[in-house]
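Below is one structure, written out as structure tokens, with a few remarks after it.
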Amino acid sequence: MRISCTSGKGGTGKTFVTLNLARTLKDRVTILDCDVEEPNCNLFLQGEKASSERFSVLVPQLIEDKCTGCRICADVCEFNAIVMLGGKPYIMEDLCHSCAACSILCPEKALIEVDNPLGDIHHYQKDSIHLIEGRLDIGKALAVPLIRHVKKRGLETTYDHLILDSPPGTSCPMVWTIDESDVVILVAESTAFGLHDLQLAIATIQEVGLPYGVVINKEGMGDDRVEIYCHENNIPILAKIPFDREIAIIVSESKILVDEKPEYKKLFESMWEQMLLLKEHSDGN
Amino acid sequence: MKVAITSTGELLTSAFDTRFGRAAKFIIYDTKEKSFIVLDNKEQVDSPSGAGVQAAQVMINNKVDALITGHLGPKAGKVIFAAGIEVYQTDAESVEQALAMYTSKALKPLKGSNVDGQWV
């Protein structure tokens, strides 16, 4: 089974749910930390590093004396990554999506493709859990190619279930993370801001067309507007995690709740059962 | 001397647009001829990314010597400065006010971009 854990608003507890679910399941789990701008799963898992690799994408580089300034490259670029400056193309690597149209279509073969490093991929292991972490270099903006590579590396590990810890929001990095999931978990806080961003995330998931359910985290903080919204719209609530000082202390010490307090495993087991039902229901359709 | 001013409308009395890449329009004022043309920036306003860079390309294609705007991001700034275009920052209310401040040398040239980039 492939699960994604996401949210509209940041800081609602995606990593918390991801890790507790992974530690509760008795099957082999591979966690993919796709929140590549600030990966934090291993802060809690504290796995041993098994391997690391650099990750790069290809970007065009100009061979000046071959260029005739025909500007075909600038015209074909869908991403406005090439401007003509003094009659020659000027390449903005940060805007490039590595489609290679410019170098393929250059009649003079004046654009070659070179590596543009984006970040690192680390592979950690603890007990039966594998963790593949993407870590975008500081100052880089292209999260999606790195996320896709994290997913590719994750599929190469041995697992029964994949759990993807997604970046928050509703833009490309989130969509690329949740794509092809069997079930999406939305972690939400019941506040005005929490509900607003949850609705945006739900609209995005509906567009992608995946089964999903909501986990209300820090229940007791704020009000009951998320629960009311879910009931009114027939959205399954997979679990409610209390707003509790003891849990907050455990998290603040980089520990995993179910490791410290195994009685909480029941909560995550029941969440898992509900997700299996969601998957079954969606397979049935 | 050709001076580009970011504008919300097509007149010198139009409100100044503080945005560069996604400014509604550009008024290109010729200080010698004392005349101007208006360029519509709709294509960049609707562009998902790279609006600033393409707006910079428009400046280069129109052989602009100076640009008066409110905010210039890092990527557009890279292109504008590489092209040797002078940039002046203001929060003037109208295009003519911005232009008057420029001609009376009340505006200081910007040495680099003054806002962070935006990412999709």
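Every chain in the structure tokens takes a letter, A first, then B, and so on in the order presented; its residues are numbered from 1, and the ligands are numbered from 1 following the presented order.
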
Would you pick out the contacts of Arg54 in chain A at 8 Å or less, using only C-alpha atoms, so that residues sharing its chain but fewer than 6 positions from it are not included, and give the list as a PyMOL selection string? chain A and resi 117-121

Restrict the selected residues to C-alpha atoms and save them as an mmCIF file, in the first residue's frame.
```cif
data_model
loop_
_atom_site.group_PDB
_atom_site.id
_atom_site.type_symbol
_atom_site.label_atom_id
_atom_site.label_comp_id
_atom_site.auth_asym_id
_atom_site.auth_seq_id
_atom_site.Cartn_x
_atom_site.Cartn_y
_atom_site.Cartn_z
ATOM 1 C CA PRO A 117 23.287 19.946 -8.897
ATOM 2 C CA LEU A 118 20.051 20.370 -6.927
ATOM 3 C CA GLY A 119 20.560 18.456 -3.709
ATOM 4 C CA ASP A 120 21.316 15.206 -1.931
ATOM 5 C CA ILE A 121 19.482 11.955 -1.414
#
```

Taking only C-alpha atoms into account, what are the residues of chain A at most 8 Å from chain B, put as a compact mmCIF listing (two decimals) with C-alpha atoms, in the first residue's frame?
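Writing done, so here's out36.txt:
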```txt
# COMPACT_ATOMS: atom_id res chain seq x y z
CA PHE A 79 9.60 28.42 -19.05
CA ASN A 80 11.12 31.79 -20.01
CA ALA A 81 14.52 30.48 -18.96
CA VAL A 83 16.63 35.64 -22.76
CA MET A 84 18.53 37.22 -25.64
CA LEU A 85 21.17 39.59 -24.37
CA GLY A 86 23.51 41.31 -26.79
CA MET A 92 18.54 31.34 -16.24
CA LEU A 95 13.82 28.62 -14.42
CA ALA A 141 14.08 26.24 -6.09
CA SER A 171 1.60 23.40 -5.51
CA CYS A 172 3.70 21.11 -7.71
```

As a ChimeraX atom specification, which residues of range 19-117 of chain A does DSSP assign to strand (DSSP E)? /A:29-33,48-62,82-85,88-91,111-117

Given the selection you just returned, output its residues as a file containing N, CA and C atoms, formatted as a short mmCIF file (atom, residue, chain, number, x, y, z; two decimals), in the first residue's frame.
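Ended up saving to selection35.cif:
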```cif
data_model
loop_
_atom_site.label_atom_id
_atom_site.label_comp_id
_atom_site.auth_asym_id
_atom_site.auth_seq_id
_atom_site.Cartn_x
_atom_site.Cartn_y
_atom_site.Cartn_z
N VAL A 29 8.30 -1.08 6.17
CA VAL A 29 7.89 0.23 5.68
C VAL A 29 9.09 0.99 5.13
N THR A 30 8.89 1.64 4.00
CA THR A 30 9.86 2.62 3.52
C THR A 30 9.22 3.99 3.58
N ILE A 31 9.88 4.91 4.29
CA ILE A 31 9.40 6.29 4.39
C ILE A 31 10.14 7.12 3.35
N LEU A 32 9.40 7.95 2.63
CA LEU A 32 10.04 8.87 1.70
C LEU A 32 9.85 10.28 2.22
N ASP A 33 10.93 10.92 2.62
CA ASP A 33 10.81 12.31 3.09
C ASP A 33 10.89 13.22 1.86
N GLU A 48 20.50 4.83 10.83
CA GLU A 48 21.90 4.81 10.39
C GLU A 48 21.95 5.14 8.91
N LYS A 49 22.93 5.94 8.52
CA LYS A 49 23.02 6.28 7.10
C LYS A 49 23.58 5.09 6.32
N ALA A 50 22.82 4.64 5.32
CA ALA A 50 23.26 3.50 4.51
C ALA A 50 23.98 3.98 3.26
N SER A 51 23.51 5.08 2.67
CA SER A 51 24.19 5.61 1.48
C SER A 51 23.73 7.04 1.22
N SER A 52 24.49 7.73 0.39
CA SER A 52 24.15 9.11 -0.01
C SER A 52 24.54 9.30 -1.45
N GLU A 53 23.83 10.18 -2.13
CA GLU A 53 24.22 10.51 -3.51
C GLU A 53 23.87 11.97 -3.79
N ARG A 54 24.60 12.58 -4.73
CA ARG A 54 24.26 13.91 -5.20
C ARG A 54 23.22 13.74 -6.30
N PHE A 55 22.35 14.72 -6.42
CA PHE A 55 21.36 14.67 -7.50
C PHE A 55 21.44 15.94 -8.34
N SER A 56 21.52 15.75 -9.64
CA SER A 56 21.60 16.90 -10.56
C SER A 56 20.57 16.76 -11.66
N VAL A 57 20.22 17.89 -12.25
CA VAL A 57 19.42 17.87 -13.47
C VAL A 57 20.27 18.48 -14.59
N LEU A 58 19.85 18.27 -15.83
CA LEU A 58 20.60 18.82 -16.95
C LEU A 58 20.07 20.20 -17.32
N VAL A 59 20.99 21.12 -17.54
CA VAL A 59 20.61 22.46 -18.01
C VAL A 59 21.51 22.81 -19.21
N PRO A 60 21.03 23.71 -20.08
CA PRO A 60 21.85 24.03 -21.25
C PRO A 60 23.03 24.94 -20.90
N GLN A 61 24.11 24.76 -21.66
CA GLN A 61 25.26 25.67 -21.54
C GLN A 61 25.64 26.10 -22.95
N LEU A 62 25.95 27.37 -23.11
CA LEU A 62 26.20 27.92 -24.43
C LEU A 62 27.66 27.77 -24.84
N ILE A 82 15.35 31.42 -21.07
CA ILE A 82 16.40 31.95 -21.95
C ILE A 82 15.99 33.33 -22.43
N VAL A 83 16.86 34.31 -22.21
CA VAL A 83 16.63 35.64 -22.76
C VAL A 83 17.76 35.96 -23.73
N MET A 84 17.49 36.83 -24.68
CA MET A 84 18.53 37.22 -25.64
C MET A 84 19.16 38.51 -25.13
N LEU A 85 20.45 38.45 -24.94
CA LEU A 85 21.17 39.59 -24.37
C LEU A 85 22.37 39.85 -25.28
N LYS A 88 22.94 37.20 -27.92
CA LYS A 88 23.26 35.82 -27.53
C LYS A 88 22.31 35.35 -26.41
N PRO A 89 22.01 34.03 -26.37
CA PRO A 89 21.12 33.55 -25.29
C PRO A 89 21.78 33.65 -23.91
N TYR A 90 20.99 34.06 -22.96
CA TYR A 90 21.44 34.16 -21.56
C TYR A 90 20.56 33.19 -20.79
N ILE A 91 21.17 32.22 -20.14
CA ILE A 91 20.40 31.11 -19.56
C ILE A 91 20.17 31.32 -18.07
N LEU A 111 24.20 24.61 -27.93
CA LEU A 111 23.80 24.44 -26.53
C LEU A 111 24.03 22.99 -26.13
N ILE A 112 24.94 22.79 -25.19
CA ILE A 112 25.15 21.43 -24.69
C ILE A 112 24.48 21.34 -23.32
N GLU A 113 24.20 20.11 -22.88
CA GLU A 113 23.55 19.94 -21.58
C GLU A 113 24.61 19.60 -20.53
N VAL A 114 24.57 20.32 -19.42
CA VAL A 114 25.50 20.07 -18.33
C VAL A 114 24.73 19.87 -17.02
N ASP A 115 25.42 19.27 -16.05
CA ASP A 115 24.79 18.99 -14.75
C ASP A 115 24.55 20.26 -13.95
N ASN A 116 23.37 20.37 -13.37
CA ASN A 116 23.08 21.44 -12.41
C ASN A 116 22.69 20.75 -11.10
N PRO A 117 23.60 20.67 -10.14
CA PRO A 117 23.29 19.95 -8.90
C PRO A 117 22.16 20.62 -8.13
#
```

Env of Val208 in chain A: 9 Å cut, atoms = only C-alpha atoms, seq-sep filter 2 positions within chain, self excluded. Answer as a PyMOL selection string. chain A and resi 175+178-179+203-206+210

Include C-alpha atoms and write out the residues we just selected as a CSV table (one decimal), in the first residue's frame.
```csv
chain,number,residue,atom,x,y,z
A,175,VAL,CA,1.0,17.1,-6.2
A,178,ILE,CA,0.8,12.4,-3.6
A,179,ASP,CA,0.5,11.3,-7.2
A,203,ALA,CA,-9.8,20.6,-3.6
A,204,THR,CA,-6.3,19.7,-5.0
A,205,ILE,CA,-6.6,16.0,-4.0
A,206,GLN,CA,-10.1,15.8,-5.6
A,210,LEU,CA,-7.3,10.1,-5.0
```

Neighbours of Leu19 in chain A within 10 Å (only C-alpha atoms; same-chain residues fewer than 4 positions away dropped), as a PyMOL selection string? chain A and resi 14-15+23-24+31+41-42+44-45+129+163+165+255-258

Using the selection just defined, write its residues with N, CA and C atoms as a PDB file, in the first residue's frame.
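Written output follows (again.pdb):
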```
ATOM      1  N   LYS A  14       2.433  16.323   9.858  1.00  0.00           N
ATOM      2  CA  LYS A  14       2.620  15.298   8.810  1.00  0.00           C
ATOM      3  C   LYS A  14       3.711  14.315   9.200  1.00  0.00           C
ATOM      4  N   THR A  15       4.850  14.848   9.613  1.00  0.00           N
ATOM      5  CA  THR A  15       5.979  13.990   9.966  1.00  0.00           C
ATOM      6  C   THR A  15       5.636  13.155  11.196  1.00  0.00           C
ATOM      7  N   ARG A  23       6.131   3.299  12.686  1.00  0.00           N
ATOM      8  CA  ARG A  23       6.592   2.534  13.866  1.00  0.00           C
ATOM      9  C   ARG A  23       5.496   1.617  14.410  1.00  0.00           C
ATOM     10  N   THR A  24       4.249   1.884  14.057  1.00  0.00           N
ATOM     11  CA  THR A  24       3.157   1.042  14.536  1.00  0.00           C
ATOM     12  C   THR A  24       2.997  -0.206  13.673  1.00  0.00           C
ATOM     13  N   ILE A  31       9.881   4.909   4.293  1.00  0.00           N
ATOM     14  CA  ILE A  31       9.395   6.291   4.392  1.00  0.00           C
ATOM     15  C   ILE A  31      10.140   7.117   3.350  1.00  0.00           C
ATOM     16  N   CYS A  41      12.340  13.899   8.889  1.00  0.00           N
ATOM     17  CA  CYS A  41      11.973  12.573   9.404  1.00  0.00           C
ATOM     18  C   CYS A  41      13.118  11.951  10.212  1.00  0.00           C
ATOM     19  N   ASN A  42      14.345  12.125   9.725  1.00  0.00           N
ATOM     20  CA  ASN A  42      15.430  11.431  10.428  1.00  0.00           C
ATOM     21  C   ASN A  42      15.811  12.077  11.757  1.00  0.00           C
ATOM     22  N   PHE A  44      13.751  12.370  13.968  1.00  0.00           N
ATOM     23  CA  PHE A  44      12.993  11.529  14.899  1.00  0.00           C
ATOM     24  C   PHE A  44      13.382  10.055  14.764  1.00  0.00           C
ATOM     25  N   LEU A  45      13.502   9.585  13.517  1.00  0.00           N
ATOM     26  CA  LEU A  45      13.800   8.166  13.306  1.00  0.00           C
ATOM     27  C   LEU A  45      15.207   7.841  13.802  1.00  0.00           C
ATOM     28  N   ILE A 129      12.705  -0.334   9.012  1.00  0.00           N
ATOM     29  CA  ILE A 129      12.276   0.873   8.289  1.00  0.00           C
ATOM     30  C   ILE A 129      13.417   1.444   7.445  1.00  0.00           C
ATOM     31  N   ILE A 163       5.328   5.056   2.770  1.00  0.00           N
ATOM     32  CA  ILE A 163       4.663   6.230   3.351  1.00  0.00           C
ATOM     33  C   ILE A 163       5.441   7.464   2.920  1.00  0.00           C
ATOM     34  N   ASP A 165       6.086  11.372   3.165  1.00  0.00           N
ATOM     35  CA  ASP A 165       5.887  12.588   3.966  1.00  0.00           C
ATOM     36  C   ASP A 165       5.997  13.759   2.988  1.00  0.00           C
ATOM     37  N   LYS A 255      11.538  12.506  19.868  1.00  0.00           N
ATOM     38  CA  LYS A 255      11.182  11.097  20.070  1.00  0.00           C
ATOM     39  C   LYS A 255       9.874  10.792  19.355  1.00  0.00           C
ATOM     40  N   ILE A 256       9.602   9.501  19.182  1.00  0.00           N
ATOM     41  CA  ILE A 256       8.392   9.086  18.481  1.00  0.00           C
ATOM     42  C   ILE A 256       7.378   8.605  19.518  1.00  0.00           C
ATOM     43  N   LEU A 257       6.176   9.158  19.434  1.00  0.00           N
ATOM     44  CA  LEU A 257       5.149   8.916  20.457  1.00  0.00           C
ATOM     45  C   LEU A 257       4.939   7.430  20.764  1.00  0.00           C
ATOM     46  N   VAL A 258       4.722   6.605  19.724  1.00  0.00           N
ATOM     47  CA  VAL A 258       4.397   5.189  19.998  1.00  0.00           C
ATOM     48  C   VAL A 258       5.581   4.409  20.577  1.00  0.00           C
TER      49      VAL A 258
END
```

Neighbour list for range 11-23 of chain B as a PyMOL selection string, cut-off 6 Å, only C-alpha atoms, skip fewer than 3 positions in-chain: chain B and resi 6-8+44-45+51-52+55+69-71+93-96

Selected residues written out with N, CA and C atoms, as a short mmCIF file (atom, residue, chain, number, x, y, z; two decimals), in the first residue's frame:
```cif
data_model
loop_
_atom_site.label_atom_id
_atom_site.label_comp_id
_atom_site.auth_asym_id
_atom_site.auth_seq_id
_atom_site.Cartn_x
_atom_site.Cartn_y
_atom_site.Cartn_z
N THR B 6 6.87 51.47 -15.01
CA THR B 6 5.80 50.47 -14.83
C THR B 6 4.51 51.20 -14.49
N SER B 7 3.44 50.84 -15.21
CA SER B 7 2.20 51.60 -15.10
C SER B 7 0.98 50.69 -15.05
N THR B 8 -0.05 51.18 -14.40
CA THR B 8 -1.30 50.40 -14.37
C THR B 8 -2.19 50.75 -15.57
N GLN B 44 3.05 38.55 -19.80
CA GLN B 44 3.81 38.25 -18.59
C GLN B 44 2.88 38.16 -17.38
N VAL B 45 1.85 39.01 -17.35
CA VAL B 45 0.92 38.98 -16.22
C VAL B 45 0.32 37.58 -16.09
N ALA B 51 8.08 35.65 -15.36
CA ALA B 51 7.50 36.91 -15.83
C ALA B 51 8.54 38.03 -15.81
N GLY B 52 9.30 38.10 -14.72
CA GLY B 52 10.29 39.16 -14.58
C GLY B 52 11.37 39.07 -15.65
N ALA B 55 9.91 40.17 -18.92
CA ALA B 55 9.71 41.62 -18.91
C ALA B 55 11.07 42.30 -19.15
N THR B 69 10.77 51.50 -11.45
CA THR B 69 9.77 50.56 -10.96
C THR B 69 9.79 50.53 -9.43
N GLY B 70 8.94 49.69 -8.85
CA GLY B 70 8.89 49.61 -7.38
C GLY B 70 9.72 48.45 -6.85
N HIS B 71 9.49 47.27 -7.42
CA HIS B 71 10.18 46.07 -6.95
C HIS B 71 10.84 45.34 -8.10
N GLU B 93 3.08 57.93 -6.96
CA GLU B 93 1.67 57.59 -7.15
C GLU B 93 1.29 57.47 -8.62
N SER B 94 1.89 58.34 -9.45
CA SER B 94 1.54 58.27 -10.87
C SER B 94 2.80 58.16 -11.72
N VAL B 95 2.58 57.83 -12.98
CA VAL B 95 3.69 57.70 -13.92
C VAL B 95 4.38 59.06 -14.07
N GLU B 96 3.58 60.14 -14.22
CA GLU B 96 4.22 61.46 -14.43
C GLU B 96 5.00 61.92 -13.20
#
```

Looking only at the backbone, which of the residues in range 49-111 of chain B does DSSP tag as alpha helix (DSSP H), as a compact mmCIF listing (two decimals) with C-alpha atoms, in the first residue's frame?
```txt
# COMPACT_ATOMS: atom_id res chain seq x y z
CA ALA B 51 7.50 36.91 -15.83
CA GLY B 52 10.29 39.16 -14.58
CA VAL B 53 12.85 37.64 -16.92
CA GLN B 54 10.60 38.07 -19.94
CA ALA B 55 9.71 41.62 -18.91
CA ALA B 56 13.47 42.26 -18.80
CA GLN B 57 13.66 40.85 -22.32
CA VAL B 58 10.99 43.35 -23.38
CA MET B 59 13.16 46.16 -21.92
CA ILE B 60 16.17 44.92 -23.89
CA ASN B 61 14.20 44.52 -27.14
CA PRO B 74 16.70 38.65 -8.34
CA LYS B 75 16.21 36.88 -11.67
CA ALA B 76 14.86 39.90 -13.54
CA GLY B 77 17.57 42.00 -11.85
CA LYS B 78 20.28 39.67 -13.14
CA VAL B 79 19.13 40.20 -16.72
CA ILE B 80 18.47 43.95 -16.39
CA PHE B 81 21.87 44.68 -14.84
CA ALA B 82 23.66 42.38 -17.29
CA VAL B 95 3.69 57.70 -13.92
CA GLU B 96 4.22 61.46 -14.43
CA GLN B 97 5.24 61.87 -10.81
CA ALA B 98 7.80 59.07 -11.19
CA LEU B 99 9.07 60.66 -14.37
CA ALA B 100 9.33 64.12 -12.76
CA MET B 101 11.31 62.65 -9.87
CA TYR B 102 13.59 60.95 -12.36
CA THR B 103 14.23 64.05 -14.49
```

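Taking CA of His149 in chain A and CA of Leu131 in chain A as the two end points, the separation is 13.6 Å.
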
If I take CA of Pro39 in chain A and CA of Ile241 in chain A, how far is one from the other in Å, to one decimal? 22.5 Å

Give me the residues near range 261-266 of chain A as a PyMOL selection string, where near means some atom within 10 Å (using only C-alpha atoms) and where sequence neighbours in that chain fewer than 6 positions away do not count. chain A and resi 20-21+23-25+241+246-247+250+272

Restricting it to N, CA and C atoms, dump the selection as a PDB file, in the first residue's frame.
```
ATOM      1  N   ASN A  20       4.838   7.839  13.323  1.00  0.00           N
ATOM      2  CA  ASN A  20       4.102   6.989  14.259  1.00  0.00           C
ATOM      3  C   ASN A  20       3.407   5.846  13.537  1.00  0.00           C
ATOM      4  N   LEU A  21       2.923   6.119  12.348  1.00  0.00           N
ATOM      5  CA  LEU A  21       2.310   5.056  11.555  1.00  0.00           C
ATOM      6  C   LEU A  21       3.373   4.015  11.176  1.00  0.00           C
ATOM      7  N   ARG A  23       6.131   3.299  12.686  1.00  0.00           N
ATOM      8  CA  ARG A  23       6.592   2.534  13.866  1.00  0.00           C
ATOM      9  C   ARG A  23       5.496   1.617  14.410  1.00  0.00           C
ATOM     10  N   THR A  24       4.249   1.884  14.057  1.00  0.00           N
ATOM     11  CA  THR A  24       3.157   1.042  14.536  1.00  0.00           C
ATOM     12  C   THR A  24       2.997  -0.206  13.673  1.00  0.00           C
ATOM     13  N   LEU A  25       3.167  -0.040  12.358  1.00  0.00           N
ATOM     14  CA  LEU A  25       2.942  -1.160  11.438  1.00  0.00           C
ATOM     15  C   LEU A  25       3.979  -2.256  11.667  1.00  0.00           C
ATOM     16  N   ILE A 241      -5.956  13.143  17.258  1.00  0.00           N
ATOM     17  CA  ILE A 241      -4.824  13.083  18.184  1.00  0.00           C
ATOM     18  C   ILE A 241      -4.963  14.261  19.149  1.00  0.00           C
ATOM     19  N   GLU A 246       2.009  16.165  27.228  1.00  0.00           N
ATOM     20  CA  GLU A 246       2.964  15.062  27.238  1.00  0.00           C
ATOM     21  C   GLU A 246       3.443  14.724  25.817  1.00  0.00           C
ATOM     22  N   ILE A 247       2.488  14.733  24.873  1.00  0.00           N
ATOM     23  CA  ILE A 247       2.854  14.457  23.470  1.00  0.00           C
ATOM     24  C   ILE A 247       3.809  15.549  22.979  1.00  0.00           C
ATOM     25  N   ILE A 250       7.301  14.937  24.196  1.00  0.00           N
ATOM     26  CA  ILE A 250       7.948  13.827  23.483  1.00  0.00           C
ATOM     27  C   ILE A 250       8.438  14.294  22.107  1.00  0.00           C
ATOM     28  N   TRP A 272      -4.984   2.933  10.345  1.00  0.00           N
ATOM     29  CA  TRP A 272      -4.556   2.071   9.247  1.00  0.00           C
ATOM     30  C   TRP A 272      -5.729   1.238   8.721  1.00  0.00           C
TER      31      TRP A 272
END
```

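In this comparison, which uses only C-alpha atoms, the residue of B:Val87, B:Ala106, B:Val115, B:Leu39 approaching Gly73 in chain B most closely is B:Val115.
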
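One distance worth recording is that between CA of Ala192 in chain A and CA of Glu232 in chain A, which is 16.6 Å.
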
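Nearest to Glu280 in chain A of all the residues A:Gly13, A:Gly8, A:Pro211, A:Gly154 is A:Pro211, counting only C-alpha atoms.
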